[in-house]
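query00.cif follows; it contains mmCIF, C-alpha atoms, pLDDT in the B column; chains and numbers go by the auth columns.
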```cif
data_query
#
loop_
_atom_site.group_PDB
_atom_site.id
_atom_site.type_symbol
_atom_site.label_atom_id
_atom_site.label_comp_id
_atom_site.label_asym_id
_atom_site.label_seq_id
_atom_site.Cartn_x
_atom_site.Cartn_y
_atom_site.Cartn_z
_atom_site.B_iso_or_equiv
_atom_site.auth_seq_id
_atom_site.auth_asym_id
ATOM 1 C CA ARG A 1 73.380 134.122 55.742 54.00 1 A
ATOM 2 C CA GLY A 2 76.458 134.192 53.512 65.00 2 A
ATOM 3 C CA ALA A 3 76.662 132.551 50.116 78.00 3 A
ATOM 4 C CA ALA A 4 78.449 129.212 49.790 82.00 4 A
ATOM 5 C CA PRO A 5 82.098 129.425 48.699 91.00 5 A
ATOM 6 C CA VAL A 6 82.702 128.988 44.983 96.00 6 A
ATOM 7 C CA MET A 7 85.406 126.602 43.771 97.00 7 A
ATOM 8 C CA CYS A 8 87.149 129.397 41.887 96.00 8 A
ATOM 9 C CA ARG A 9 90.673 129.220 40.494 96.00 9 A
ATOM 10 C CA GLU A 10 92.043 131.545 43.154 96.00 10 A
ATOM 11 C CA ILE A 11 90.788 129.426 46.047 96.00 11 A
ATOM 12 C CA VAL A 12 92.026 126.199 44.449 97.00 12 A
ATOM 13 C CA LEU A 13 95.451 127.705 43.848 96.00 13 A
ATOM 14 C CA GLN A 14 95.610 128.984 47.419 96.00 14 A
ATOM 15 C CA ALA A 15 94.746 125.491 48.652 96.00 15 A
ATOM 16 C CA CYS A 16 97.724 124.163 46.691 96.00 16 A
ATOM 17 C CA LYS A 17 100.029 126.739 48.238 95.00 17 A
ATOM 18 C CA GLU A 18 98.850 125.919 51.754 94.00 18 A
ATOM 19 C CA ARG A 19 99.719 122.256 51.152 93.00 19 A
ATOM 20 C CA GLU A 20 103.111 123.191 49.703 93.00 20 A
ATOM 21 C CA GLY A 21 101.919 122.229 46.241 95.00 21 A
ATOM 22 C CA TYR A 22 102.820 123.807 42.923 95.00 22 A
ATOM 23 C CA THR A 23 101.622 127.155 41.631 94.00 23 A
ATOM 24 C CA THR A 24 101.615 125.648 38.138 97.00 24 A
ATOM 25 C CA PRO A 25 98.298 123.741 38.298 97.00 25 A
ATOM 26 C CA TYR A 26 99.088 120.734 36.109 97.00 26 A
ATOM 27 C CA LEU A 27 102.136 119.839 38.231 97.00 27 A
ATOM 28 C CA ASN A 28 99.922 118.961 41.200 98.00 28 A
ATOM 29 C CA GLU A 29 99.210 115.244 41.355 97.00 29 A
ATOM 30 C CA SER A 30 97.224 115.635 44.589 97.00 30 A
ATOM 31 C CA LEU A 31 94.554 118.228 45.214 98.00 31 A
ATOM 32 C CA TYR A 32 93.091 118.868 48.667 98.00 32 A
ATOM 33 C CA LEU A 33 89.739 120.667 48.549 98.00 33 A
ATOM 34 C CA GLN A 34 87.942 119.168 51.521 97.00 34 A
ATOM 35 C CA CYS A 35 86.017 121.141 54.165 96.00 35 A
ATOM 36 C CA PHE A 36 85.502 124.320 52.116 96.00 36 A
ATOM 37 C CA GLY A 37 81.712 124.242 51.910 96.00 37 A
ATOM 38 C CA PHE A 38 81.710 124.021 48.106 97.00 38 A
ATOM 39 C CA VAL A 39 78.402 123.145 46.441 97.00 39 A
ATOM 40 C CA LYS A 40 79.752 122.509 42.935 97.00 40 A
ATOM 41 C CA ILE A 41 82.832 120.976 41.329 98.00 41 A
ATOM 42 C CA GLU A 42 84.199 123.493 38.841 98.00 42 A
ATOM 43 C CA ASN A 43 87.271 125.353 37.560 98.00 43 A
ATOM 44 C CA LEU A 44 89.632 122.370 37.809 98.00 44 A
ATOM 45 C CA GLU A 45 90.447 122.164 34.095 98.00 45 A
ATOM 46 C CA ASP A 46 94.082 123.170 34.614 97.00 46 A
ATOM 47 C CA TYR A 47 94.677 120.284 37.046 98.00 47 A
ATOM 48 C CA TYR A 48 94.551 117.604 34.371 97.00 48 A
ATOM 49 C CA GLU A 49 97.506 115.641 35.803 98.00 49 A
ATOM 50 C CA CYS A 50 95.794 115.169 39.163 98.00 50 A
ATOM 51 C CA LYS A 51 95.896 111.586 40.459 98.00 51 A
ATOM 52 C CA ALA A 52 94.281 112.004 43.877 98.00 52 A
ATOM 53 C CA LEU A 53 91.438 114.416 44.578 98.00 53 A
ATOM 54 C CA TRP A 54 90.007 115.137 48.029 98.00 54 A
ATOM 55 C CA LEU A 55 86.540 116.729 47.985 98.00 55 A
ATOM 56 C CA SER A 56 85.132 115.372 51.221 98.00 56 A
ATOM 57 C CA ASP A 57 83.098 117.350 53.764 98.00 57 A
ATOM 58 C CA ASN A 58 81.643 119.910 51.375 97.00 58 A
ATOM 59 C CA ASN A 59 78.041 120.266 50.220 97.00 59 A
ATOM 60 C CA ILE A 60 78.482 118.969 46.670 98.00 60 A
ATOM 61 C CA SER A 61 75.345 117.477 45.115 97.00 61 A
ATOM 62 C CA ARG A 62 76.694 116.283 41.731 98.00 62 A
ATOM 63 C CA ILE A 63 79.822 114.586 40.438 98.00 63 A
ATOM 64 C CA GLU A 64 80.691 116.696 37.409 98.00 64 A
ATOM 65 C CA ASN A 65 83.442 118.525 35.536 98.00 65 A
ATOM 66 C CA LEU A 66 86.093 115.855 36.128 98.00 66 A
ATOM 67 C CA SER A 67 86.289 114.322 32.648 97.00 67 A
ATOM 68 C CA HIS A 68 89.633 116.003 31.916 97.00 68 A
ATOM 69 C CA MET A 69 91.327 114.140 34.800 98.00 69 A
ATOM 70 C CA ALA A 70 92.135 111.027 32.794 97.00 70 A
ATOM 71 C CA ASN A 71 94.953 110.077 35.187 97.00 71 A
ATOM 72 C CA LEU A 72 92.842 110.269 38.349 98.00 72 A
ATOM 73 C CA ARG A 73 93.441 107.224 40.571 98.00 73 A
ATOM 74 C CA CYS A 74 91.682 108.188 43.783 98.00 74 A
ATOM 75 C CA LEU A 75 88.547 110.259 44.335 98.00 75 A
ATOM 76 C CA PHE A 76 87.489 111.000 47.899 98.00 76 A
ATOM 77 C CA ILE A 77 84.078 112.666 47.854 98.00 77 A
ATOM 78 C CA GLN A 78 82.555 111.327 51.051 98.00 78 A
ATOM 79 C CA SER A 79 80.372 113.418 53.368 98.00 79 A
ATOM 80 C CA ASN A 80 78.625 115.512 50.745 98.00 80 A
ATOM 81 C CA ALA A 81 75.068 115.628 49.379 98.00 81 A
ATOM 82 C CA ILE A 82 75.405 113.405 46.310 98.00 82 A
ATOM 83 C CA THR A 83 72.256 111.577 45.242 98.00 83 A
ATOM 84 C CA ARG A 84 73.486 109.821 42.079 98.00 84 A
ATOM 85 C CA ILE A 85 76.718 108.237 40.857 98.00 85 A
ATOM 86 C CA GLU A 86 77.560 109.920 37.559 98.00 86 A
ATOM 87 C CA GLY A 87 80.230 111.945 35.787 97.00 87 A
ATOM 88 C CA LEU A 88 82.914 109.247 35.978 98.00 88 A
ATOM 89 C CA ALA A 89 82.739 107.762 32.480 95.00 89 A
ATOM 90 C CA ARG A 90 86.105 109.052 31.306 96.00 90 A
ATOM 91 C CA LEU A 91 88.054 108.269 34.483 98.00 91 A
ATOM 92 C CA GLN A 92 89.348 104.958 33.177 97.00 92 A
ATOM 93 C CA ASN A 93 92.256 104.851 35.638 98.00 93 A
ATOM 94 C CA LEU A 94 90.148 105.341 38.755 98.00 94 A
ATOM 95 C CA GLN A 95 91.065 102.766 41.397 98.00 95 A
ATOM 96 C CA THR A 96 89.608 104.109 44.652 98.00 96 A
ATOM 97 C CA LEU A 97 86.245 105.832 45.037 98.00 97 A
ATOM 98 C CA ASN A 98 84.897 106.960 48.400 99.00 98 A
ATOM 99 C CA LEU A 99 81.236 108.000 48.333 98.00 99 A
ATOM 100 C CA SER A 100 80.383 107.157 51.912 98.00 100 A
ATOM 101 C CA ASN A 101 78.062 109.362 53.935 98.00 101 A
ATOM 102 C CA ASN A 102 76.101 110.809 51.014 98.00 102 A
ATOM 103 C CA LEU A 103 72.463 110.490 49.909 98.00 103 A
ATOM 104 C CA LEU A 104 72.767 107.613 47.453 98.00 104 A
ATOM 105 C CA THR A 105 69.828 105.263 47.020 98.00 105 A
ATOM 106 C CA ARG A 106 71.260 103.160 44.189 98.00 106 A
ATOM 107 C CA VAL A 107 74.611 102.094 42.728 98.00 107 A
ATOM 108 C CA SER A 108 74.990 103.019 39.059 98.00 108 A
ATOM 109 C CA ASN A 109 77.414 104.061 36.307 98.00 109 A
ATOM 110 C CA LEU A 110 80.482 102.183 37.547 98.00 110 A
ATOM 111 C CA ALA A 111 80.693 99.296 35.083 96.00 111 A
ATOM 112 C CA HIS A 112 82.915 101.332 32.750 95.00 112 A
ATOM 113 C CA LEU A 113 85.704 101.678 35.359 98.00 113 A
ATOM 114 C CA PRO A 114 87.956 98.668 34.661 97.00 114 A
ATOM 115 C CA LYS A 115 90.514 99.401 37.388 98.00 115 A
ATOM 116 C CA LEU A 116 88.176 100.220 40.269 98.00 116 A
ATOM 117 C CA HIS A 117 89.256 98.033 43.194 98.00 117 A
ATOM 118 C CA THR A 118 88.098 99.972 46.273 98.00 118 A
ATOM 119 C CA LEU A 119 84.545 101.282 46.571 98.00 119 A
ATOM 120 C CA GLU A 120 83.280 102.859 49.778 98.00 120 A
ATOM 121 C CA LEU A 121 79.523 103.377 49.988 98.00 121 A
ATOM 122 C CA GLY A 122 78.935 103.211 53.736 98.00 122 A
ATOM 123 C CA ARG A 123 76.289 105.389 55.388 98.00 123 A
ATOM 124 C CA ASN A 124 74.072 105.907 52.355 98.00 124 A
ATOM 125 C CA GLN A 125 70.458 104.913 51.742 98.00 125 A
ATOM 126 C CA MET A 126 70.508 101.683 49.717 98.00 126 A
ATOM 127 C CA SER A 127 67.802 99.333 50.938 98.00 127 A
ATOM 128 C CA ASP A 128 67.026 96.613 48.379 96.00 128 A
ATOM 129 C CA VAL A 129 68.896 94.080 46.263 98.00 129 A
ATOM 130 C CA LYS A 130 68.066 96.034 43.116 98.00 130 A
ATOM 131 C CA ASP A 131 69.743 99.094 44.609 98.00 131 A
ATOM 132 C CA ILE A 132 73.137 97.364 44.567 98.00 132 A
ATOM 133 C CA ALA A 133 72.596 94.993 41.610 98.00 133 A
ATOM 134 C CA HIS A 134 74.830 97.134 39.382 98.00 134 A
ATOM 135 C CA LEU A 135 77.806 95.969 41.448 98.00 135 A
ATOM 136 C CA THR A 136 77.704 92.652 39.589 98.00 136 A
ATOM 137 C CA HIS A 137 79.263 94.515 36.646 98.00 137 A
ATOM 138 C CA CYS A 138 82.200 95.743 38.736 98.00 138 A
ATOM 139 C CA LYS A 139 84.389 92.671 38.360 97.00 139 A
ATOM 140 C CA SER A 140 87.627 94.331 39.486 98.00 140 A
ATOM 141 C CA LEU A 141 86.424 95.169 43.021 98.00 141 A
ATOM 142 C CA ASN A 142 88.643 93.972 45.879 98.00 142 A
ATOM 143 C CA VAL A 143 87.290 96.136 48.698 98.00 143 A
ATOM 144 C CA LEU A 144 83.612 97.028 49.146 98.00 144 A
ATOM 145 C CA ASP A 145 82.074 98.968 52.009 98.00 145 A
ATOM 146 C CA LEU A 146 78.272 98.973 52.256 98.00 146 A
ATOM 147 C CA SER A 147 78.096 99.324 56.024 98.00 147 A
ATOM 148 C CA HIS A 148 75.342 101.338 57.696 98.00 148 A
ATOM 149 C CA ASN A 149 72.933 101.407 54.785 98.00 149 A
ATOM 150 C CA ARG A 150 69.375 100.037 54.933 98.00 150 A
ATOM 151 C CA LEU A 151 69.963 96.738 53.150 98.00 151 A
ATOM 152 C CA ARG A 152 67.568 94.159 54.540 97.00 152 A
ATOM 153 C CA ASP A 153 67.268 91.248 52.094 96.00 153 A
ATOM 154 C CA PRO A 154 69.532 88.218 52.660 96.00 154 A
ATOM 155 C CA LEU A 155 69.616 87.816 48.878 96.00 155 A
ATOM 156 C CA ILE A 156 72.210 90.589 48.709 97.00 156 A
ATOM 157 C CA LEU A 157 74.791 87.796 49.073 97.00 157 A
ATOM 158 C CA SER A 158 74.112 86.776 45.479 97.00 158 A
ATOM 159 C CA VAL A 159 75.410 90.175 44.360 98.00 159 A
ATOM 160 C CA PHE A 160 78.728 89.683 46.138 98.00 160 A
ATOM 161 C CA GLU A 161 79.085 86.162 44.769 98.00 161 A
ATOM 162 C CA ALA A 162 79.328 87.748 41.308 98.00 162 A
ATOM 163 C CA LEU A 163 82.513 89.609 42.330 98.00 163 A
ATOM 164 C CA PRO A 164 85.403 87.210 41.699 97.00 164 A
ATOM 165 C CA LYS A 165 88.092 89.416 43.246 98.00 165 A
ATOM 166 C CA ILE A 166 86.287 90.571 46.381 98.00 166 A
ATOM 167 C CA ARG A 167 88.538 90.204 49.425 98.00 167 A
ATOM 168 C CA VAL A 168 87.283 92.797 51.925 98.00 168 A
ATOM 169 C CA LEU A 169 83.587 93.355 52.645 98.00 169 A
ATOM 170 C CA TYR A 170 81.843 95.602 55.166 98.00 170 A
ATOM 171 C CA LEU A 171 78.140 94.925 55.748 98.00 171 A
ATOM 172 C CA HIS A 172 77.700 95.688 59.433 98.00 172 A
ATOM 173 C CA GLY A 173 75.014 98.179 60.342 98.00 173 A
ATOM 174 C CA ASN A 174 72.491 96.757 57.833 98.00 174 A
ATOM 175 C CA PRO A 175 69.292 94.916 58.848 98.00 175 A
ATOM 176 C CA ALA A 176 70.310 92.127 56.452 98.00 176 A
ATOM 177 C CA THR A 177 73.012 90.900 58.828 98.00 177 A
ATOM 178 C CA GLN A 178 70.423 89.947 61.463 98.00 178 A
ATOM 179 C CA ARG A 179 68.043 88.542 58.868 97.00 179 A
ATOM 180 C CA ILE A 180 70.804 86.313 57.493 97.00 180 A
ATOM 181 C CA ALA A 181 71.429 85.072 61.033 97.00 181 A
ATOM 182 C CA ASP A 182 67.705 84.479 61.552 96.00 182 A
ATOM 183 C CA VAL A 183 67.315 82.547 58.293 94.00 183 A
ATOM 184 C CA TRP A 184 70.488 80.443 58.322 94.00 184 A
ATOM 185 C CA GLY A 185 71.624 80.469 61.935 94.00 185 A
ATOM 186 C CA SER A 186 74.859 82.454 61.586 96.00 186 A
ATOM 187 C CA TYR A 187 75.557 85.627 59.669 98.00 187 A
ATOM 188 C CA ARG A 188 79.340 85.428 59.635 98.00 188 A
ATOM 189 C CA LYS A 189 79.574 81.711 58.820 97.00 189 A
ATOM 190 C CA MET A 190 77.079 82.048 55.973 97.00 190 A
ATOM 191 C CA VAL A 191 78.903 84.993 54.395 98.00 191 A
ATOM 192 C CA LEU A 192 82.295 83.313 54.656 98.00 192 A
ATOM 193 C CA ALA A 193 81.022 80.023 53.256 97.00 193 A
ATOM 194 C CA ARG A 194 79.413 81.805 50.304 97.00 194 A
ATOM 195 C CA LEU A 195 82.359 84.153 49.689 98.00 195 A
ATOM 196 C CA GLN A 196 85.397 81.978 50.201 97.00 196 A
ATOM 197 C CA GLY A 197 87.878 84.521 48.862 97.00 197 A
ATOM 198 C CA LEU A 198 87.301 86.962 51.709 98.00 198 A
ATOM 199 C CA THR A 199 90.223 87.896 53.932 98.00 199 A
ATOM 200 C CA PHE A 200 88.356 90.517 55.969 98.00 200 A
ATOM 201 C CA LEU A 201 84.662 90.748 56.926 98.00 201 A
ATOM 202 C CA ASP A 202 83.283 93.731 58.771 98.00 202 A
ATOM 203 C CA GLU A 203 85.623 94.552 61.639 91.00 203 A
ATOM 204 C CA ARG A 204 87.596 91.296 61.777 96.00 204 A
ATOM 205 C CA PRO A 205 90.108 89.474 59.567 98.00 205 A
ATOM 206 C CA VAL A 206 89.218 86.037 58.267 97.00 206 A
ATOM 207 C CA HIS A 207 91.593 83.308 59.391 94.00 207 A
ATOM 208 C CA LYS A 208 92.169 80.172 57.341 90.00 208 A
ATOM 209 C CA ASN A 209 90.684 77.849 59.937 95.00 209 A
ATOM 210 C CA GLU A 210 87.618 80.042 60.355 95.00 210 A
ATOM 211 C CA MET A 211 86.952 79.742 56.639 96.00 211 A
ATOM 212 C CA ARG A 212 87.240 75.964 56.845 94.00 212 A
ATOM 213 C CA PHE A 213 84.841 75.845 59.811 95.00 213 A
ATOM 214 C CA SER A 214 82.334 77.986 57.938 96.00 214 A
ATOM 215 C CA VAL A 215 82.435 75.942 54.741 95.00 215 A
ATOM 216 C CA ALA A 216 82.005 72.704 56.707 95.00 216 A
ATOM 217 C CA TRP A 217 79.119 74.240 58.657 96.00 217 A
ATOM 218 C CA LEU A 218 77.294 75.225 55.472 94.00 218 A
ATOM 219 C CA GLU A 219 77.781 71.787 53.953 94.00 219 A
ATOM 220 C CA GLY A 220 76.795 69.709 56.977 94.00 220 A
ATOM 221 C CA GLY A 221 75.778 71.842 59.940 93.00 221 A
ATOM 222 C CA MET A 222 77.323 71.832 63.403 93.00 222 A
ATOM 223 C CA ALA A 223 78.280 68.174 63.161 94.00 223 A
ATOM 224 C CA ALA A 224 80.367 68.782 60.057 92.00 224 A
ATOM 225 C CA GLU A 225 81.938 71.837 61.654 92.00 225 A
ATOM 226 C CA SER A 226 82.907 69.796 64.715 93.00 226 A
ATOM 227 C CA GLN A 227 84.479 67.148 62.498 94.00 227 A
ATOM 228 C CA GLU A 228 86.440 69.826 60.674 92.00 228 A
ATOM 229 C CA ARG A 229 87.721 71.186 63.986 92.00 229 A
ATOM 230 C CA VAL A 230 88.929 67.730 64.940 93.00 230 A
ATOM 231 C CA ARG A 231 90.557 67.334 61.531 92.00 231 A
ATOM 232 C CA ILE A 232 92.404 70.632 61.915 91.00 232 A
ATOM 233 C CA MET A 233 93.601 69.653 65.389 92.00 233 A
ATOM 234 C CA GLU A 234 94.894 66.342 64.036 89.00 234 A
ATOM 235 C CA GLU A 235 96.686 68.151 61.198 86.00 235 A
ATOM 236 C CA ARG A 236 98.322 70.478 63.705 86.00 236 A
ATOM 237 C CA GLU A 237 99.460 67.593 65.868 85.00 237 A
ATOM 238 C CA GLU A 238 100.852 65.776 62.832 85.00 238 A
ATOM 239 C CA GLU A 239 102.718 68.908 61.788 81.00 239 A
ATOM 240 C CA GLU A 240 104.213 69.254 65.271 82.00 240 A
ATOM 241 C CA ARG A 241 105.339 65.613 65.254 81.00 241 A
ATOM 242 C CA SER A 242 106.897 66.079 61.837 80.00 242 A
ATOM 243 C CA ASN A 243 108.761 69.170 62.971 77.00 243 A
ATOM 244 C CA HIS A 244 109.995 67.318 66.067 68.00 244 A
ATOM 245 C CA VAL A 245 111.341 64.444 63.950 67.00 245 A
ATOM 246 C CA HIS A 246 113.346 66.836 61.791 62.00 246 A
ATOM 247 C CA LEU A 247 114.965 68.577 64.779 58.00 247 A
#
```

This entry written out as structure tokens:
Amino acid sequence: RGAAPVMCREIVLQACKEREGYTTPYLNESLYLQCFGFVKIENLEDYYECKALWLSDNNISRIENLSHMANLRCLFIQSNAITRIEGLARLQNLQTLNLSNNLLTRVSNLAHLPKLHTLELGRNQMSDVKDIAHLTHCKSLNVLDLSHNRLRDPLILSVFEALPKIRVLYLHGNPATQRIADVWGSYRKMVLARLQGLTFLDERPVHKNEMRFSVAWLEGGMAAESQERVRIMEEREEEERSNHVHL
């Protein structure tokens, strides 16, 4: 059985050439190193102006040797063998981080990334509230994907409530979605009522009226939701009459 490919300077440079990049390393703002079978991140020191780095579909087990990439905006390192979030402390400009389909059991070491707005952690191995509790320190998050983990406790909603800018959330594929439905009667309504800034939940956008229905439902059950539906219908009819008068 052959040895795993090494991320040597020659291979990295050849990858740049194949993507019509620059032969002068620091001129490359994007670096495509996915699907090589690499087991270690190394020999990227000359690519210090890189802003987007693709490392997906390798066999990398550690996030390391990236501290020199101070301008990095996007890191795509999904589908590897990473067990711990680390090695990102100096990437203060990082905005997008994709760690989906790895071997993570806990979220950690992200609180120091002030610009991080998109975090993809789907298809990992988080199972308990404490495994994702660190997310409460990630106040800049807009998009969070935790789909297809092993999260089972309905109390995970309290973690998301601590994220003031969260707009897009993926939770499908976790046991918690059914448990939330079992405890409160509706998974989607409960999440929307608790996280009223959401514009997208799982595989569907959130419409304004749906948010109003959900909030009313949480406050007063099905009766309150029905009243809110009537109220919305009356508002629509009033708007149509007003438009007709102005024609």

Selection: 12 Å around A:Glu10, all atoms listed in the file, excl. self and same-chain fewer than 4 positions, as a ChimeraX atom specification: /A:5-6,14-17,23,25,43-44

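Here atom CA of A:Asn59 stands at a distance of 12.8 Å from atom CA of A:Leu99.
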
Box time for stretch 104-111 of chain A: axis-aligned, enclosing all its listed atoms, 6 Å extra on each side; report centre and edge lengths in Å to one decimal, as AutoDock Vina command-line options.
```
--center_x 75.3 --center_y 103.5 --center_z 41.3 --size_x 22.9 --size_y 20.3 --size_z 24.4
```

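Closest approach to A:Ser56 among A:Tyr26, A:Trp217, A:Phe38, A:Phe76: A:Phe76, based on all atoms listed in the file.
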
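Taking atom CA of A:Pro154 and atom CA of A:Arg212 as endpoints, the distance between them is 21.9 Å.
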
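Across the structure, atom CA of A:Phe213 and atom CA of A:Glu228 are spaced 6.3 Å apart.
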
Polymer residues at most 12 Å from A:Asp202, only C-alpha atoms, same-chain spacing of 4 or more positions, as an MDAnalysis selection string: chainID A and resid 122 143:148 167:174 177 187:188 191:192 198 206

Selection: 10 Å around A:Gly197, all atoms listed in the file, excl. self and same-chain fewer than 3 positions, as an NGL selection string: :A and (142 or 161 or 163-168 or 192-194 or 200 or 206 or 211)

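Between A:Tyr48 and the candidates A:Ile156, A:Arg241, A:Arg19, A:Leu91, the tightest atom-to-atom separation, counting only C-alpha atoms, involves A:Leu91.
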
Sphere at (69.8, 111.8, 44.9), radius 12 Å, counting all atoms listed in the file: residues as a ChimeraX atom specification: /A:60-63,80-86,102-108,124-126
